[in-house]
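Undergrad: Provided herewith is a single structure, encoded as structure tokens, for subsequent inquiry.
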Amino acid sequence: MDDVDDLFRAHYPTMVGVARLLVGPAAAEEVVQEAFVRLIDKRPGLRDPERAAGYLRQTVVNLARGRLRRRVIGLRLLPTQVSLRAPQQPDEAALHSAERERLAAALHQLPPRQRECLVLRHYAGLTEPETAAALGIAVGSVKSHVHRALSAMEAALEVTP
Amino acid sequence: MSTNTEDAVRRFLADEAGAAHASDELLHELRGRAARRRAARRRTGLALAAAALIAVVGVAAMVLAGDRSTKVEFTPPGPEQSIPETTVTTPSTTPSTIPAAIRPATAIAATKDQPRRVVVIDTASKREVRTLYTLPAGDGYIVSSLTLSDAGANVVIQVHGPGPENNCAPKQYSVPVAGGAVTERKDLGYLPSFSPDGSRVAFTVDSSRYGGPSGPGFHCRQALMVRDLRTGAETVWSERTDEEGSQASIDEVTWSADGTRLLFTRRYQRPLPDEGFVAEIRSLDIAKRGDVKSASELLHSGTGPVLDGGAGQGQFHPSDPVWLPGGAFLYMRHDGNTDLAAVMRRAPGGAETEVLAQRTVDLLSIDGDADARFFIAVYEDEARMFDANGKTERLGGSYWSVVW
């Protein structure tokens, strides 16, 4: 086992989750696998595990962003929103489906930067400086993007079904 | 912001993200892919060094022989090779290299960052001189396509709403390039492209529009249709031509200058799930097949010859053809191994192609001017204008698609 093994085991599942939230389930694993291929390719220059993890996060976000842009201009089939959740009990599904649909719609409508900040902070659990480094923006910008994104999500939660 | 909201959002995100497994087999496969990529680069590097040596020797021989009129041709890589990994960008601070007097005057671009604004750019001064159309912020709508109509007098703007339910239900608006009222057009299909004389428009549709098959896996870029704008007559020229489930789509349709042929990109899923999409450029001669009436006659047959790409072409993905006067056409080519994006030009009627520009930066779109003297390549980080000799200058940094 080497440090690539460690990075792969520690980060692959989370990065696939990040990619699913950014580009949808169809392209998520492809994006993250490509990021790992590039990481392995550059490994001699990325011996510091922290630096390697930062490179990995940046690459996943950049590849996801590129996917979305190409999709916008018609270079890929448009995405379908497929939920990956396990089937729920009927009562539970009835209770939560409307709220989930509103949250999914709100997440889908967020500007890309806000969505990236929200996913990295509140799904991947990155700190604000880590998020800023992954996105190449200032720490203060992370705060404001996350705040705006959460406000939009909160508004979606408060809507009366 | 309440803690309850943050908790609810965290739960929602974790639930939506699902689970993925980091298996030993997958890591082994990824290491193999990286090793193959390194080997390909080494081969390319050797080939490039040899080509450079040959070029230097050739130029020296020409200079010694006093032949200054002979042009050194750059031979593009073949379909099974990697394109040499080089960068040809010019720093944005360098002075203009294209004489202002011969530059095209205007271009129309949609801005990046949730593309919501369509602007007119003066290509001489490289300044935005007019905003033609702006979508309100925050409603999830985006400008997804631009095309010129009426000999360049108007631009047709395709707008998509949020959510998959709007995938095949774009709205289209026409705006005079000189500025003026925005009018909605309801007579067009998806991704319209107008013939040079303005009499016809090509677009893609779901085959249910003309009574063809429909259902899961069928979508709005499935068939190519041409509408005669004077009579309203519609002809289906190309349906999906492959087996069920490949999700083949037609994109980026462009007309020849004489209006007799169409070029388009066709994409389809390879048979194995992890092999991704294949892109190819196809040509369709609509002058010779003007009597086609039945869509079903064309099923599984009629998309014309493949001009570049397709299965067996390695990791190259040709797309976005732009037909030029005289029969040549530009197109984009992405190399999945090296991340190299190239603008290619294919000579009229022949197999020769040449690389006009290449960078290791994602290429979003290209378009040529009406006289085939210039083209604009829109990269992820900037838009650049090129002339036929490869001279280049930066047009701007915040666009995703430019037409002119």
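FYI, nothing fancy with the structure tokens labels: chains A, B, ... in order, residues from 1 per chain, ligands from 1 as they appear.
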Can you build me a table of chain B residues sitting at most 7 Å from chain A, with the closest atom pair per residue and its distance in Å to one decimal, using only C-alpha atoms, sorted by chain and residue number, as a tab-separated table?

TA:
residue	atom	partner	partner_atom	distance
B:Thr5	CA	A:Glu154	CA	6.0
B:Arg10	CA	A:His122	CA	5.6
B:Leu13	CA	A:Tyr123	CA	5.9
B:Ala14	CA	A:Tyr123	CA	6.1
B:Asp15	CA	A:Arg85	CA	6.4
B:Glu16	CA	A:Leu84	CA	6.4
B:Ala17	CA	A:Gly17	CA	4.3
B:Gly18	CA	A:Leu84	CA	5.8
B:Ala19	CA	A:Pro13	CA	6.4
B:Ala20	CA	A:Pro13	CA	4.8
B:His21	CA	A:Pro13	CA	6.1
B:Ala22	CA	A:Arg9	CA	5.7
B:Leu30	CA	A:Val37	CA	5.5
B:Arg31	CA	A:Val37	CA	6.7
B:Arg33	CA	A:Val37	CA	6.6
B:Ala34	CA	A:Val37	CA	5.2
B:Gln114	CA	A:Pro111	CA	6.6
B:Gly140	CA	A:Gln109	CA	4.9
B:Ser144	CA	A:Ile73	CA	5.6
B:Ser145	CA	A:Ile73	CA	6.4
B:Pro162	CA	A:Gln109	CA	6.6
B:Pro164	CA	A:Thr80	CA	5.6
B:Asn167	CA	A:Leu78	CA	6.7
B:Asp251	CA	A:Gly74	CA	6.8
B:Leu364	CA	A:Arg70	CA	6.6

Undergrad: For a quick check of understanding, using only C-alpha atoms, which of A:Gln58, A:Glu50, A:Ala64, A:Arg115 has the smallest distance to Arg148 (chain A)?

TA: A:Arg115

Undergrad: Choose the residue, out of A:Val60, A:Ser144, A:Glu130, A:Asp3, that has the smallest atom-to-atom separation from Val31 (chain A); count only C-alpha atoms.

TA: A:Val60

Undergrad: Using only C-alpha atoms, can you tell me which of B:Gly368, B:Pro318, B:Gly397, B:Gly32 comes closest to Phe264 (chain B)?

TA: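 Nearest candidate to Phe264 (chain B) out of B:Gly368, B:Pro318, B:Gly397, B:Gly32: B:Pro318.
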
Undergrad: Between CA of Trp323 (chain B) and CA of Val118 (chain B), what is the spacing in Å?

TA: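 If I compute the distance from CA of Val118 (chain B) to CA of Trp323 (chain B), I get 23.4 Å.
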
Undergrad: Taking 4 positions as the minimum chain separation for residues in the same chain, which residues sit within 10 Å of Arg384 (chain B) when counting only C-alpha atoms? Answer as a count of residues only.

TA: 15

Undergrad: Just give me the gap between CA of Cys168 (chain B) and CA of Val201 (chain B) in Å, one decimal is fine.

TA: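 Answer for the CA of Cys168 (chain B) to CA of Val201 (chain B) separation: 18.0 Å.
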
Undergrad: Between CA of Val236 (chain B) and CA of Val402 (chain B), what distance in Å does the model show, to one decimal?

TA: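 Going from CA of Val236 (chain B) over to CA of Val402 (chain B) covers 28.2 Å.
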
Undergrad: May I have the residues within 10 Å of Ala138 (chain A) as a list in words, using only C-alpha atoms and disregarding those fewer than 6 positions away in the same chain?

TA: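 Listed by chain and then number, they are Glu128, Pro129, Thr131 and Ala132 of chain A.
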
Undergrad: Output all heavy atoms for every residue in that selection, as a JSON list (two decimals), in the first residue's frame.

TA:
[["chain", "number", "residue", "atom", "x", "y", "z"],
["A", 128, "GLU", "N", -13.47, 26.50, 5.36],
["A", 128, "GLU", "CA", -13.56, 27.62, 4.40],
["A", 128, "GLU", "C", -12.27, 27.81, 3.63],
["A", 128, "GLU", "O", -12.30, 27.99, 2.41],
["A", 128, "GLU", "CB", -13.98, 28.89, 5.14],
["A", 128, "GLU", "CG", -15.46, 28.86, 5.49],
["A", 128, "GLU", "CD", -15.90, 30.07, 6.29],
["A", 128, "GLU", "OE1", -15.03, 30.83, 6.74],
["A", 128, "GLU", "OE2", -17.12, 30.24, 6.45],
["A", 129, "PRO", "N", -11.10, 27.78, 4.29],
["A", 129, "PRO", "CA", -9.86, 27.92, 3.50],
["A", 129, "PRO", "C", -9.67, 26.78, 2.49],
["A", 129, "PRO", "O", -9.20, 27.01, 1.37],
["A", 129, "PRO", "CB", -8.75, 27.89, 4.57],
["A", 129, "PRO", "CG", -9.42, 28.34, 5.81],
["A", 129, "PRO", "CD", -10.82, 27.82, 5.74],
["A", 131, "THR", "N", -12.06, 25.09, 1.02],
["A", 131, "THR", "CA", -13.01, 25.35, -0.07],
["A", 131, "THR", "C", -12.48, 26.45, -0.97],
["A", 131, "THR", "O", -12.54, 26.34, -2.21],
["A", 131, "THR", "CB", -14.38, 25.75, 0.52],
["A", 131, "THR", "OG1", -14.81, 24.73, 1.41],
["A", 131, "THR", "CG2", -15.41, 25.96, -0.57],
["A", 132, "ALA", "N", -11.96, 27.51, -0.36],
["A", 132, "ALA", "CA", -11.42, 28.62, -1.15],
["A", 132, "ALA", "C", -10.28, 28.14, -2.04],
["A", 132, "ALA", "O", -10.18, 28.52, -3.21],
["A", 132, "ALA", "CB", -10.94, 29.73, -0.21]]

Undergrad: Give me the residues within 9 Å of Gly179 (chain B) as a short mmCIF file (atom, residue, chain, number, x, y, z; two decimals) with all heavy atoms, in the first residue's frame, counting only C-alpha atoms and dropping any in the same chain fewer than 4 places off.

TA:
data_model
loop_
_atom_site.label_atom_id
_atom_site.label_comp_id
_atom_site.auth_asym_id
_atom_site.auth_seq_id
_atom_site.Cartn_x
_atom_site.Cartn_y
_atom_site.Cartn_z
N ARG B 130 -22.87 46.74 -27.34
CA ARG B 130 -24.32 46.71 -27.23
C ARG B 130 -24.74 45.43 -26.51
O ARG B 130 -24.16 44.37 -26.75
CB ARG B 130 -24.92 46.70 -28.63
CG ARG B 130 -26.39 47.07 -28.74
CD ARG B 130 -26.80 47.13 -30.21
NE ARG B 130 -25.91 47.98 -30.99
CZ ARG B 130 -25.24 47.58 -32.08
NH1 ARG B 130 -25.37 46.36 -32.52
NH2 ARG B 130 -24.44 48.40 -32.72
N THR B 131 -25.72 45.52 -25.65
CA THR B 131 -26.35 44.33 -25.08
C THR B 131 -27.66 44.09 -25.81
O THR B 131 -28.52 44.98 -25.87
CB THR B 131 -26.60 44.51 -23.58
OG1 THR B 131 -25.33 44.62 -22.91
CG2 THR B 131 -27.33 43.31 -23.00
N LEU B 132 -27.79 42.90 -26.39
CA LEU B 132 -28.99 42.60 -27.18
C LEU B 132 -30.09 41.98 -26.33
O LEU B 132 -31.27 42.13 -26.62
CB LEU B 132 -28.65 41.63 -28.32
CG LEU B 132 -27.70 42.15 -29.40
CD1 LEU B 132 -27.46 41.06 -30.43
CD2 LEU B 132 -28.29 43.38 -30.07
N VAL B 175 -33.60 38.72 -32.19
CA VAL B 175 -33.25 40.10 -31.87
C VAL B 175 -32.42 40.67 -33.01
O VAL B 175 -31.48 40.01 -33.48
CB VAL B 175 -32.39 40.17 -30.57
CG1 VAL B 175 -32.21 41.61 -30.13
CG2 VAL B 175 -32.98 39.34 -29.48
#
